[in-house]
Every structure is written in structure tokens, then in C-alpha cells.
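Engineer: This is the content of run-v7.cif (mmCIF, C-alpha atoms):
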data_data
#
loop_
_atom_site.label_atom_id
_atom_site.label_comp_id
_atom_site.auth_asym_id
_atom_site.auth_seq_id
_atom_site.Cartn_x
_atom_site.Cartn_y
_atom_site.Cartn_z
CA MET A 1 10.35 -40.14 -86.65
CA VAL A 2 10.11 -41.54 -83.05
CA PRO A 3 9.14 -45.20 -82.91
CA ALA A 4 5.74 -46.00 -81.38
CA LEU A 5 7.35 -48.33 -78.85
CA THR A 6 9.49 -45.50 -77.46
CA VAL A 7 6.46 -43.21 -77.06
CA THR A 8 4.55 -45.94 -75.26
CA LYS A 9 7.43 -46.51 -72.81
CA SER A 10 7.67 -42.76 -72.11
CA VAL A 11 3.96 -42.52 -71.36
CA ARG A 12 4.13 -45.53 -69.05
CA THR A 13 7.14 -44.10 -67.22
CA ALA A 14 5.44 -40.71 -66.69
CA PHE A 15 2.25 -42.37 -65.47
CA SER A 16 4.24 -44.55 -63.05
CA ARG A 17 6.10 -41.54 -61.64
CA ASP A 18 2.86 -39.59 -61.19
CA ARG A 19 1.20 -42.49 -59.41
CA HIS A 20 4.26 -42.95 -57.20
CA SER A 21 4.30 -39.27 -56.23
CA LYS A 22 0.60 -39.35 -55.35
CA SER A 23 1.12 -42.47 -53.25
CA SER A 24 4.05 -40.85 -51.43
CA ALA A 25 2.03 -37.72 -50.70
CA LEU A 26 -0.86 -39.80 -49.39
CA ALA A 27 1.51 -41.84 -47.24
CA GLY A 28 3.02 -38.64 -45.86
CA ARG A 29 -0.40 -37.30 -44.93
CA LEU A 30 -1.32 -40.54 -43.23
CA SER A 31 1.95 -40.62 -41.26
CA ARG A 32 1.37 -37.14 -39.76
CA PRO A 33 -0.82 -36.90 -36.63
CA ALA A 34 -4.31 -35.69 -37.37
CA THR A 35 -5.21 -32.19 -36.14
CA PRO A 36 -8.20 -32.38 -33.82
CA PRO A 37 -11.25 -30.42 -34.88
CA GLN A 38 -11.79 -26.99 -33.41
CA SER A 39 -14.55 -28.21 -31.13
CA MET A 40 -12.09 -30.53 -29.34
CA CYS A 41 -9.64 -27.76 -28.45
CA PRO A 42 -11.70 -24.59 -27.91
CA PRO A 43 -9.85 -21.32 -27.40
CA ARG A 44 -9.71 -19.80 -23.93
CA ILE A 45 -12.09 -16.84 -24.25
CA VAL A 46 -12.93 -16.54 -20.53
CA ASP A 47 -10.12 -16.79 -17.99
CA PHE A 48 -10.66 -19.36 -15.25
CA ILE A 49 -8.80 -21.79 -13.02
CA PHE A 50 -9.26 -25.28 -14.43
CA ALA A 51 -9.95 -28.37 -12.32
CA PRO A 52 -10.16 -31.95 -13.71
CA GLU A 53 -13.64 -32.50 -12.29
CA PHE A 54 -15.00 -29.81 -14.61
CA GLU A 55 -14.89 -32.33 -17.47
CA ASP A 56 -16.90 -34.93 -15.55
CA PRO A 57 -20.64 -34.38 -16.16
CA GLN A 58 -21.47 -36.37 -13.04
CA GLN A 59 -19.71 -33.75 -10.88
CA SER A 60 -21.74 -30.84 -12.23
CA ALA A 61 -24.61 -31.13 -9.76
CA ALA A 62 -22.26 -31.28 -6.77
CA ILE A 63 -20.24 -28.30 -7.96
CA LEU A 64 -23.31 -26.13 -8.59
CA ALA A 65 -25.00 -27.06 -5.32
CA ASP A 66 -25.30 -24.62 -2.42
CA PRO A 67 -22.18 -24.26 -0.26
CA PRO A 68 -22.01 -26.27 2.95
CA ALA A 69 -23.64 -24.66 5.95
CA ALA A 70 -21.35 -23.05 8.47
CA GLY A 71 -21.46 -23.87 12.12
CA GLU A 72 -22.38 -21.39 14.80
CA GLN A 73 -20.17 -18.34 14.45
CA GLU A 74 -19.34 -15.77 17.07
CA VAL A 75 -20.90 -12.36 16.48
CA VAL A 76 -18.11 -9.85 15.92
CA THR A 77 -18.70 -6.32 17.20
CA PRO A 78 -16.82 -3.60 15.31
CA PRO A 79 -14.60 -1.23 17.33
CA ALA A 80 -16.24 1.89 18.68
CA ASP A 81 -14.31 4.22 16.36
CA THR A 82 -15.28 2.30 13.22
CA PRO A 83 -17.16 4.45 10.67
CA PRO A 84 -20.69 3.27 9.81
CA TYR A 85 -19.79 2.26 6.26
CA LEU A 86 -17.01 0.02 7.63
CA ALA A 87 -19.11 -1.33 10.49
CA ARG A 88 -21.40 -2.91 7.91
CA LEU A 89 -18.56 -5.21 6.87
CA TYR A 90 -18.71 -6.95 10.24
CA THR A 91 -22.25 -8.13 9.48
CA VAL A 92 -20.96 -10.30 6.62
CA PRO A 93 -19.98 -13.70 8.07
CA LEU A 94 -16.53 -15.05 7.39
CA LEU A 95 -16.24 -18.14 5.19
CA THR A 96 -15.07 -21.49 6.45
CA LYS A 97 -12.41 -23.40 4.56
CA GLU A 98 -15.03 -25.71 3.04
CA GLN A 99 -17.28 -22.82 1.97
CA GLU A 100 -14.34 -20.96 0.51
CA PHE A 101 -13.22 -23.95 -1.57
CA HIS A 102 -16.76 -24.64 -2.75
CA LEU A 103 -17.40 -21.03 -3.86
CA PHE A 104 -14.09 -20.67 -5.69
CA ARG A 105 -14.63 -23.97 -7.48
CA GLN A 106 -18.21 -23.01 -8.35
CA MET A 107 -17.18 -19.58 -9.67
CA ASN A 108 -14.50 -21.03 -11.93
CA TYR A 109 -16.82 -23.82 -13.09
CA CYS A 110 -19.38 -21.22 -14.18
CA LYS A 111 -16.64 -19.48 -16.16
CA TYR A 112 -15.65 -22.84 -17.64
CA LEU A 113 -19.23 -23.43 -18.82
CA ALA A 114 -19.42 -19.92 -20.27
CA ASN A 115 -16.18 -20.52 -22.14
CA ARG A 116 -17.59 -23.72 -23.65
CA TRP A 117 -20.64 -21.90 -24.99
CA LEU A 118 -18.63 -19.00 -26.38
CA SER A 119 -15.89 -21.13 -27.98
CA ARG A 120 -18.21 -22.92 -30.40
CA ARG A 121 -17.37 -22.51 -34.06
CA ARG A 122 -20.63 -20.71 -34.80
CA ALA A 123 -22.05 -19.51 -31.51
CA SER A 124 -25.74 -18.74 -31.87
CA THR A 125 -27.77 -16.23 -29.91
CA SER A 126 -28.90 -19.04 -27.62
CA ASP A 127 -25.27 -20.00 -27.00
CA ARG A 128 -24.37 -16.44 -26.07
CA ASN A 129 -27.36 -16.21 -23.75
CA GLN A 130 -26.21 -19.36 -21.99
CA ALA A 131 -22.71 -17.91 -21.64
CA GLU A 132 -24.08 -14.66 -20.19
CA HIS A 133 -26.12 -16.66 -17.69
CA TRP A 134 -23.07 -18.49 -16.37
CA LEU A 135 -20.92 -15.36 -16.37
CA SER A 136 -23.59 -13.52 -14.38
CA ARG A 137 -23.66 -16.32 -11.83
CA ALA A 138 -19.86 -16.28 -11.60
CA THR A 139 -19.97 -12.52 -10.96
CA GLN A 140 -22.45 -12.97 -8.10
CA ILE A 141 -20.17 -15.54 -6.47
CA LYS A 142 -17.20 -13.23 -6.96
CA HIS A 143 -18.98 -10.37 -5.17
CA HIS A 144 -19.80 -12.71 -2.29
CA LEU A 145 -16.15 -13.71 -1.95
CA ILE A 146 -15.02 -10.08 -2.05
CA GLU A 147 -17.49 -8.94 0.61
CA ALA A 148 -16.49 -11.80 2.88
CA ASN A 149 -12.83 -10.70 2.73
CA LEU A 150 -13.09 -6.90 2.85
CA ARG A 151 -12.45 -6.99 6.58
CA LEU A 152 -9.01 -8.34 5.79
CA VAL A 153 -8.10 -5.15 3.91
CA VAL A 154 -9.43 -2.96 6.73
CA SER A 155 -7.40 -4.80 9.37
CA ILE A 156 -4.18 -4.42 7.38
CA ALA A 157 -4.85 -0.78 6.50
CA LYS A 158 -5.44 0.15 10.16
CA THR A 159 -1.91 -0.92 11.07
CA LEU A 160 -0.40 1.37 8.43
CA ALA A 161 -2.63 4.45 8.56
CA ASP A 162 -1.02 7.76 9.56
CA ALA A 163 -1.18 11.44 8.65
CA ALA A 164 0.28 10.84 5.21
CA ASN A 165 -1.79 7.69 4.62
CA PRO A 166 -5.44 8.15 5.65
CA LEU A 167 -7.35 4.97 6.41
CA ASP A 168 -9.84 5.53 3.59
CA ASP A 169 -7.07 5.89 1.03
CA LEU A 170 -5.31 2.73 2.20
CA ILE A 171 -8.55 0.74 2.10
CA SER A 172 -9.20 1.89 -1.46
CA GLU A 173 -5.64 0.99 -2.42
CA GLY A 174 -5.84 -2.40 -0.72
CA ASN A 175 -9.11 -3.34 -2.40
CA ILE A 176 -7.39 -3.36 -5.80
CA PRO A 177 -5.17 -6.41 -5.14
CA LEU A 178 -8.07 -8.11 -3.34
CA LEU A 179 -10.24 -7.91 -6.47
CA ARG A 180 -7.41 -9.31 -8.56
CA ALA A 181 -6.65 -12.06 -6.04
CA VAL A 182 -10.21 -13.38 -6.23
CA GLU A 183 -9.83 -13.71 -10.00
CA ILE A 184 -6.51 -15.59 -10.06
CA PHE A 185 -6.56 -17.58 -6.80
CA ASP A 186 -5.82 -21.25 -7.50
CA PHE A 187 -8.23 -23.12 -5.23
CA THR A 188 -6.89 -26.51 -6.37
CA ARG A 189 -3.73 -26.13 -4.24
CA GLY A 190 -5.61 -26.47 -0.97
CA LEU A 191 -4.51 -23.15 0.54
CA ARG A 192 -6.72 -20.64 2.31
CA PHE A 193 -7.57 -17.57 0.29
CA SER A 194 -6.85 -15.28 3.25
CA THR A 195 -3.20 -16.38 3.19
CA TYR A 196 -2.79 -15.41 -0.45
CA ALA A 197 -4.88 -12.22 -0.19
CA THR A 198 -2.94 -11.01 2.87
CA TRP A 199 0.32 -11.27 0.98
CA ALA A 200 -1.13 -9.47 -2.07
CA VAL A 201 -2.63 -6.59 -0.04
CA ARG A 202 0.47 -6.09 2.12
CA HIS A 203 2.73 -6.18 -0.91
CA ARG A 204 0.83 -3.28 -2.48
CA LEU A 205 0.40 -1.21 0.70
CA TYR A 206 4.03 -1.65 1.77
CA ARG A 207 5.02 -0.02 -1.51
CA CYS A 208 2.35 2.69 -1.33
CA VAL A 209 2.83 3.87 2.28
CA PRO A 210 6.51 4.92 2.12
CA ARG A 211 5.91 6.69 -1.18
CA ASN A 212 3.07 8.74 0.30
CA ARG A 213 5.18 9.61 3.35
CA ARG A 214 8.03 10.88 1.20
CA TYR A 215 5.61 12.90 -0.90
CA ALA A 216 3.97 14.41 2.20
CA ARG A 217 7.33 15.47 3.64
CA ARG A 218 8.33 17.16 0.39
CA PHE A 219 5.00 18.95 0.07
CA ILE A 220 4.92 20.15 3.69
CA ALA A 221 8.46 21.47 3.32
CA GLY A 222 7.39 23.37 0.21
CA ALA A 223 4.29 24.73 1.92
CA ASP A 224 6.37 25.89 4.88
CA ALA A 225 8.70 27.71 2.51
CA ASP A 226 5.74 29.44 0.88
CA LEU A 227 3.62 30.17 3.94
CA GLY A 228 6.34 30.65 6.48
CA SER A 229 6.68 34.21 5.30
CA LEU A 230 3.37 35.87 5.91
CA ALA A 231 4.60 38.28 8.56
CA ASP A 232 7.52 40.38 7.41
CA LEU A 233 6.13 42.47 4.57
CA PRO A 234 8.50 44.98 2.96
CA GLY A 235 7.76 48.41 4.45
CA ARG A 236 5.26 47.08 7.07
CA PRO A 237 7.31 45.70 9.99
CA ASP A 238 4.82 46.89 12.60
CA ASP A 239 1.96 44.94 11.07
CA ALA A 240 4.12 41.83 10.99
CA ALA A 241 4.40 41.80 14.76
CA ASP A 242 0.62 41.84 15.25
CA PRO A 243 -1.13 38.54 14.42
CA ILE A 244 -4.51 40.28 14.11
CA LEU A 245 -3.22 42.77 11.57
CA LEU A 246 -1.35 39.98 9.85
CA ARG A 247 -4.54 37.95 9.42
CA ALA A 248 -6.38 41.01 8.11
CA THR A 249 -3.63 41.55 5.58
CA VAL A 250 -3.75 37.92 4.52
CA ALA A 251 -7.53 38.20 4.10
CA GLU A 252 -7.01 41.11 1.71
CA TRP A 253 -4.53 39.06 -0.28
CA LEU A 254 -6.87 36.11 -0.50
CA ASP A 255 -9.50 38.26 -2.18
CA GLU A 256 -7.17 38.49 -5.16
CA LEU A 257 -7.32 34.73 -5.75
CA PRO A 258 -9.94 32.93 -7.85
CA PRO A 259 -12.90 31.76 -5.72
CA ARG A 260 -12.02 28.07 -5.71
CA GLU A 261 -8.34 28.58 -4.91
CA ARG A 262 -9.24 31.07 -2.17
CA GLN A 263 -11.60 28.54 -0.57
CA ILE A 264 -8.94 25.84 -0.73
CA VAL A 265 -6.27 27.98 0.94
CA VAL A 266 -8.67 29.19 3.64
CA ALA A 267 -9.81 25.66 4.45
CA ARG A 268 -6.31 24.19 4.32
CA PHE A 269 -4.80 26.62 6.83
CA GLY A 270 -7.82 27.20 9.07
CA LEU A 271 -8.29 30.85 8.16
CA GLY A 272 -11.45 32.92 8.44
CA THR A 273 -14.41 30.91 9.71
CA HIS A 274 -12.52 27.60 9.62
CA PRO A 275 -11.50 26.77 13.20
CA GLN A 276 -9.17 23.94 12.21
CA PRO A 277 -7.07 23.19 9.12
CA GLU A 278 -8.62 20.58 6.86
CA ARG A 279 -6.94 17.72 5.05
CA PHE A 280 -6.61 17.81 1.32
CA ARG A 281 -8.81 14.73 1.14
CA GLU A 282 -11.65 16.61 2.83
CA ILE A 283 -11.13 19.69 0.67
CA ALA A 284 -11.08 17.60 -2.50
CA ALA A 285 -14.36 15.92 -1.57
CA LYS A 286 -16.08 19.29 -1.09
CA HIS A 287 -14.92 20.60 -4.46
CA GLY A 288 -15.37 17.40 -6.42
CA ILE A 289 -11.71 17.09 -7.41
CA SER A 290 -8.90 14.68 -6.66
CA THR A 291 -6.64 15.04 -3.64
CA GLU A 292 -3.65 15.66 -5.88
CA ARG A 293 -5.49 18.42 -7.72
CA ALA A 294 -6.35 20.13 -4.43
CA ARG A 295 -2.66 20.11 -3.47
CA GLN A 296 -1.68 21.61 -6.82
CA LEU A 297 -4.24 24.42 -6.60
CA CYS A 298 -3.20 25.29 -3.05
CA LEU A 299 0.49 25.42 -3.89
CA ARG A 300 -0.17 27.50 -7.00
CA ALA A 301 -2.21 30.02 -5.00
CA LEU A 302 0.53 30.36 -2.37
CA ARG A 303 3.16 31.00 -5.00
CA GLN A 304 0.93 33.58 -6.65
CA LEU A 305 0.54 35.45 -3.35
CA ARG A 306 4.24 35.37 -2.63
CA ALA A 307 5.15 36.65 -6.08
CA ALA A 308 2.66 39.52 -5.81
CA HIS A 309 3.25 40.76 -2.25
CA TRP A 310 6.64 39.91 -0.87
CA SER A 311 10.20 39.04 -1.76
CA ALA A 312 11.14 35.38 -1.76
CA ASP A 313 14.55 36.08 -0.19
CA VAL A 314 13.02 37.39 3.05
CA ASP A 315 12.56 34.88 5.89
CA LEU A 316 9.01 35.61 7.04
CA ALA A 317 7.44 34.58 10.32
CA GLU A 318 4.86 31.84 10.64
CA LEU A 319 1.14 32.40 10.97
CA GLY A 320 0.97 30.24 14.05
CA GLU A 321 -1.26 27.66 12.36
CA SER A 322 -0.35 24.05 11.76
CA VAL A 323 0.43 23.17 8.19
#
Can you give me the file's structure in the form of C-alpha cells?

Structural biologist:
Amino acid sequence: MVPALTVTKSVRTAFSRDRHSKSSALAGRLSRPATPPQSMCPPRIVDFIFAPEFEDPQQSAAILADPPAAGEQEVVTPPADTPPYLARLYTVPLLTKEQEFHLFRQMNYCKYLANRWLSRRRASTSDRNQAEHWLSRATQIKHHLIEANLRLVVSIAKTLADAANPLDDLISEGNIPLLRAVEIFDFTRGLRFSTYATWAVRHRLYRCVPRNRRYARRFIAGADADLGSLADLPGRPDDAADPILLRATVAEWLDELPPRERQIVVARFGLGTHPQPERFREIAAKHGISTERARQLCLRALRQLRAAHWSADVDLAELGESV
């Protein structure tokens, strides 16, 4: 039988150890840095460029105020060969450095406010409405900044446009980095946006232009190989020497093609009622397809005609039309 004194000592020892362990755990929790509540470190739901003055409530009125008025600006007249839809860009005044800084700061501040409303632990319908309000205002400012800088894309695209790179295509390609540049431009560094946007647009177009030129050379070479043979038909050498008979023969061949492919070939090479060859961009717009799809349909039709009517190993004469 265990003495009562021994049992009492064991109970006291166990109680002391338990109390010591609880004290150690409490001390460990107190020694660790406290994790701030979620409201103090909200997640970044909306992307924006942060500025220290965003956290100062006294700066809110100045940030959300109207941009400073610009001085008298010279009226810019677009060049005579500028299409009407591009001439409209010259009616949008350019931004001064002060206006540019103010609008970029205001746009990012609106996103900052929207992020605060959306990052609440339990965002209510009213909170989401407030966030949508500030995001809508940020979008309006963004559109203003884009319109004020579209002329920059046009000026760069004009220096690179050629037969393989139409001006419209280059403008569309250059607008993509412009839209992205407005989103990520860091206005706090004190640089002009035009400096950053020029680099972004040129970087994209300088990669796009050589690629299109190489593609155009390969396609034209393939088209020459397919179309350069429309004169020397097996068994009909006399017709090959007569361009009129040759065109009549080609017209008969074209009737064998599907309607859309026939129209594409006729328009591309200036046959029939088309006085001049048309670009694939123009053909694609008429048929509601992409430029690349128009090229594919034209090349497929030419190969179909060659396979049906003449041997590929015969070097045929040219039609006399520009490819």
C-alpha cells in the first residue's frame, strides 16, 4: 500500500509541472510579435501604383480635384493624307507634364479607394457599390490618358509602314502596349509618360515589322510559284501566247472554285472587273474574315487550280499582273 504522503507529493509535482508548462506556453505567445488584424493589411485586389499621400486623408481633396488648366496650345493640323478617323485624334489636346502627373495620380488613387472597399472582411453591397464607383471613375481617367497619347502610336507607325506592314495594322499593334503602359506607368518617378510609352510601342513594333516582312516575302514567293504558270498549258501552246485567250481560260478555271475562294482570287490578282489587285486586308474586310484567313483561302485555291489543270514541273509564263 502506497503511503498517503507519497501520493500527495506526486499530485503536487504533477500540478507544478502542468502550471509551469502553461506559464511557458503563455510566455512564448507573449514573446512572439502579434499578427495584425486583416483590416490593417488588406489584400491587393485591384492593381494600382501606390503613393504615400494616398494614406493621408487631408490629401484626398487635392488628389480628386480637377487637373490644372493648360496654357494656350497651338492648334495642330493633321497632314493632308491623314484618314478621317485618324484626323480626329488631332482634336484631342496633348497633356502638360502637370496634367499628366495629376491624372495618373488620380487614376491610381481611385483604384486605391476601390481596393479599400473591396478588401474588407465582409464587404457589403454598399461597399461593392462604392468600389464600382471608384473603378468607373478610374476607367474614365484611363480613357482620357489613352486618347491623349494615341497620336504617339500613329507617329511611330508612320515611320515603319510599308507594303508588308500597312499603317492600320501597325496602329492596332502599337495600341496594345499603349494600353498596358497606362496601367503600369509609375508616375511617382517624375518621368514623362510619353518617354515610357514610346519605348514600349517601339519595342513591340520593332519585333512585329521584320516578322511581317519575312512572312510577306515567303508568301509572295509561293504565290509566284503557283501563279507564274498560267500560260503554258499542256497541249495548248498557242493559247499560252495570247493574253486574251489566257485570261478567258483562267476565267473558265475560276468557275470551278467555290464562290468565296473565286472572289478572293479575282480580287487579289485584279482579274475580271477588278482593275487593280487588292490587298489581303481589303479582301478580308469585304468577306468578314481575318487577313491570315484570306491568304490561306487564296493559296488553297491556286493550288487546287494547278493540281487540276497543269503539271507542276512546267515553268509557266506570268499573267502580267502584279502579285

Engineer: Find the spatial neighbours of A:Asp47, counting only C-alpha atoms, within a cut-off of 9 Å - ignore same-chain residues fewer than 4 positions away - and output them as a compact mmCIF listing (two decimals) with C-alpha atoms, in the coordinates of the input.

Structural biologist:
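So part-v5.txt came out as:
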# COMPACT_ATOMS: atom_id res chain seq x y z
CA ASN A 108 -14.50 -21.03 -11.93
CA LYS A 111 -16.64 -19.48 -16.16
CA TYR A 112 -15.65 -22.84 -17.64
CA ASN A 115 -16.18 -20.52 -22.14
CA GLU A 183 -9.83 -13.71 -10.00
CA ILE A 184 -6.51 -15.59 -10.06

Engineer: Assuming the chain letters and numbering stay as they are in my file, what does the PyMOL selection byres ((chain A and resi 153) around 9) actually select? List them as a ChimeraX atom specification.

Structural biologist: /A:149-152,154-158,170-172,174-175,178,197-198,201-202

Engineer: To verify the selection step, state as a PDB file with C-alpha atoms, keeping the file's coordinate frame which residues the PyMOL selection byres ((chain A and resi 96-103) around 12) yields on this input.

Structural biologist:
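Just written: selection08.pdb:
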ATOM      1  CA  ALA A  62     -22.260 -31.280  -6.770  1.00  0.00           C
ATOM      2  CA  ILE A  63     -20.240 -28.300  -7.960  1.00  0.00           C
ATOM      3  CA  LEU A  64     -23.310 -26.130  -8.590  1.00  0.00           C
ATOM      4  CA  ALA A  65     -25.000 -27.060  -5.320  1.00  0.00           C
ATOM      5  CA  ASP A  66     -25.300 -24.620  -2.420  1.00  0.00           C
ATOM      6  CA  PRO A  67     -22.180 -24.260  -0.260  1.00  0.00           C
ATOM      7  CA  PRO A  68     -22.010 -26.270   2.950  1.00  0.00           C
ATOM      8  CA  ALA A  69     -23.640 -24.660   5.950  1.00  0.00           C
ATOM      9  CA  ALA A  70     -21.350 -23.050   8.470  1.00  0.00           C
ATOM     10  CA  GLY A  71     -21.460 -23.870  12.120  1.00  0.00           C
ATOM     11  CA  GLU A  72     -22.380 -21.390  14.800  1.00  0.00           C
ATOM     12  CA  GLN A  73     -20.170 -18.340  14.450  1.00  0.00           C
ATOM     13  CA  PRO A  93     -19.980 -13.700   8.070  1.00  0.00           C
ATOM     14  CA  LEU A  94     -16.530 -15.050   7.390  1.00  0.00           C
ATOM     15  CA  LEU A  95     -16.240 -18.140   5.190  1.00  0.00           C
ATOM     16  CA  PHE A 104     -14.090 -20.670  -5.690  1.00  0.00           C
ATOM     17  CA  ARG A 105     -14.630 -23.970  -7.480  1.00  0.00           C
ATOM     18  CA  GLN A 106     -18.210 -23.010  -8.350  1.00  0.00           C
ATOM     19  CA  MET A 107     -17.180 -19.580  -9.670  1.00  0.00           C
ATOM     20  CA  ASN A 108     -14.500 -21.030 -11.930  1.00  0.00           C
ATOM     21  CA  TYR A 109     -16.820 -23.820 -13.090  1.00  0.00           C
ATOM     22  CA  CYS A 110     -19.380 -21.220 -14.180  1.00  0.00           C
ATOM     23  CA  ARG A 137     -23.660 -16.320 -11.830  1.00  0.00           C
ATOM     24  CA  ALA A 138     -19.860 -16.280 -11.600  1.00  0.00           C
ATOM     25  CA  THR A 139     -19.970 -12.520 -10.960  1.00  0.00           C
ATOM     26  CA  GLN A 140     -22.450 -12.970  -8.100  1.00  0.00           C
ATOM     27  CA  ILE A 141     -20.170 -15.540  -6.470  1.00  0.00           C
ATOM     28  CA  LYS A 142     -17.200 -13.230  -6.960  1.00  0.00           C
ATOM     29  CA  HIS A 143     -18.980 -10.370  -5.170  1.00  0.00           C
ATOM     30  CA  HIS A 144     -19.800 -12.710  -2.290  1.00  0.00           C
ATOM     31  CA  LEU A 145     -16.150 -13.710  -1.950  1.00  0.00           C
ATOM     32  CA  ILE A 146     -15.020 -10.080  -2.050  1.00  0.00           C
ATOM     33  CA  ALA A 148     -16.490 -11.800   2.880  1.00  0.00           C
ATOM     34  CA  ASN A 149     -12.830 -10.700   2.730  1.00  0.00           C
ATOM     35  CA  VAL A 182     -10.210 -13.380  -6.230  1.00  0.00           C
ATOM     36  CA  PHE A 185      -6.560 -17.580  -6.800  1.00  0.00           C
ATOM     37  CA  ASP A 186      -5.820 -21.250  -7.500  1.00  0.00           C
ATOM     38  CA  PHE A 187      -8.230 -23.120  -5.230  1.00  0.00           C
ATOM     39  CA  THR A 188      -6.890 -26.510  -6.370  1.00  0.00           C
ATOM     40  CA  ARG A 189      -3.730 -26.130  -4.240  1.00  0.00           C
ATOM     41  CA  GLY A 190      -5.610 -26.470  -0.970  1.00  0.00           C
ATOM     42  CA  LEU A 191      -4.510 -23.150   0.540  1.00  0.00           C
ATOM     43  CA  ARG A 192      -6.720 -20.640   2.310  1.00  0.00           C
ATOM     44  CA  PHE A 193      -7.570 -17.570   0.290  1.00  0.00           C
ATOM     45  CA  SER A 194      -6.850 -15.280   3.250  1.00  0.00           C
ATOM     46  CA  THR A 195      -3.200 -16.380   3.190  1.00  0.00           C
TER      47      THR A 195
END

Engineer: Please identify all polymer residues within 6 Å of stretch 292-303 of chain A, counting all atoms listed in the file, omitting same-chain residues fewer than 3 positions from it, and present them as a list in words.

Structural biologist: Val265, Ala284 and Arg306 of chain A

Engineer: What gap, in Å, lies between atom CA of A:Asp169 and atom CA of A:Leu271?

Structural biologist: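 Going from atom CA of A:Asp169 over to atom CA of A:Leu271, I get 26.0 Å.
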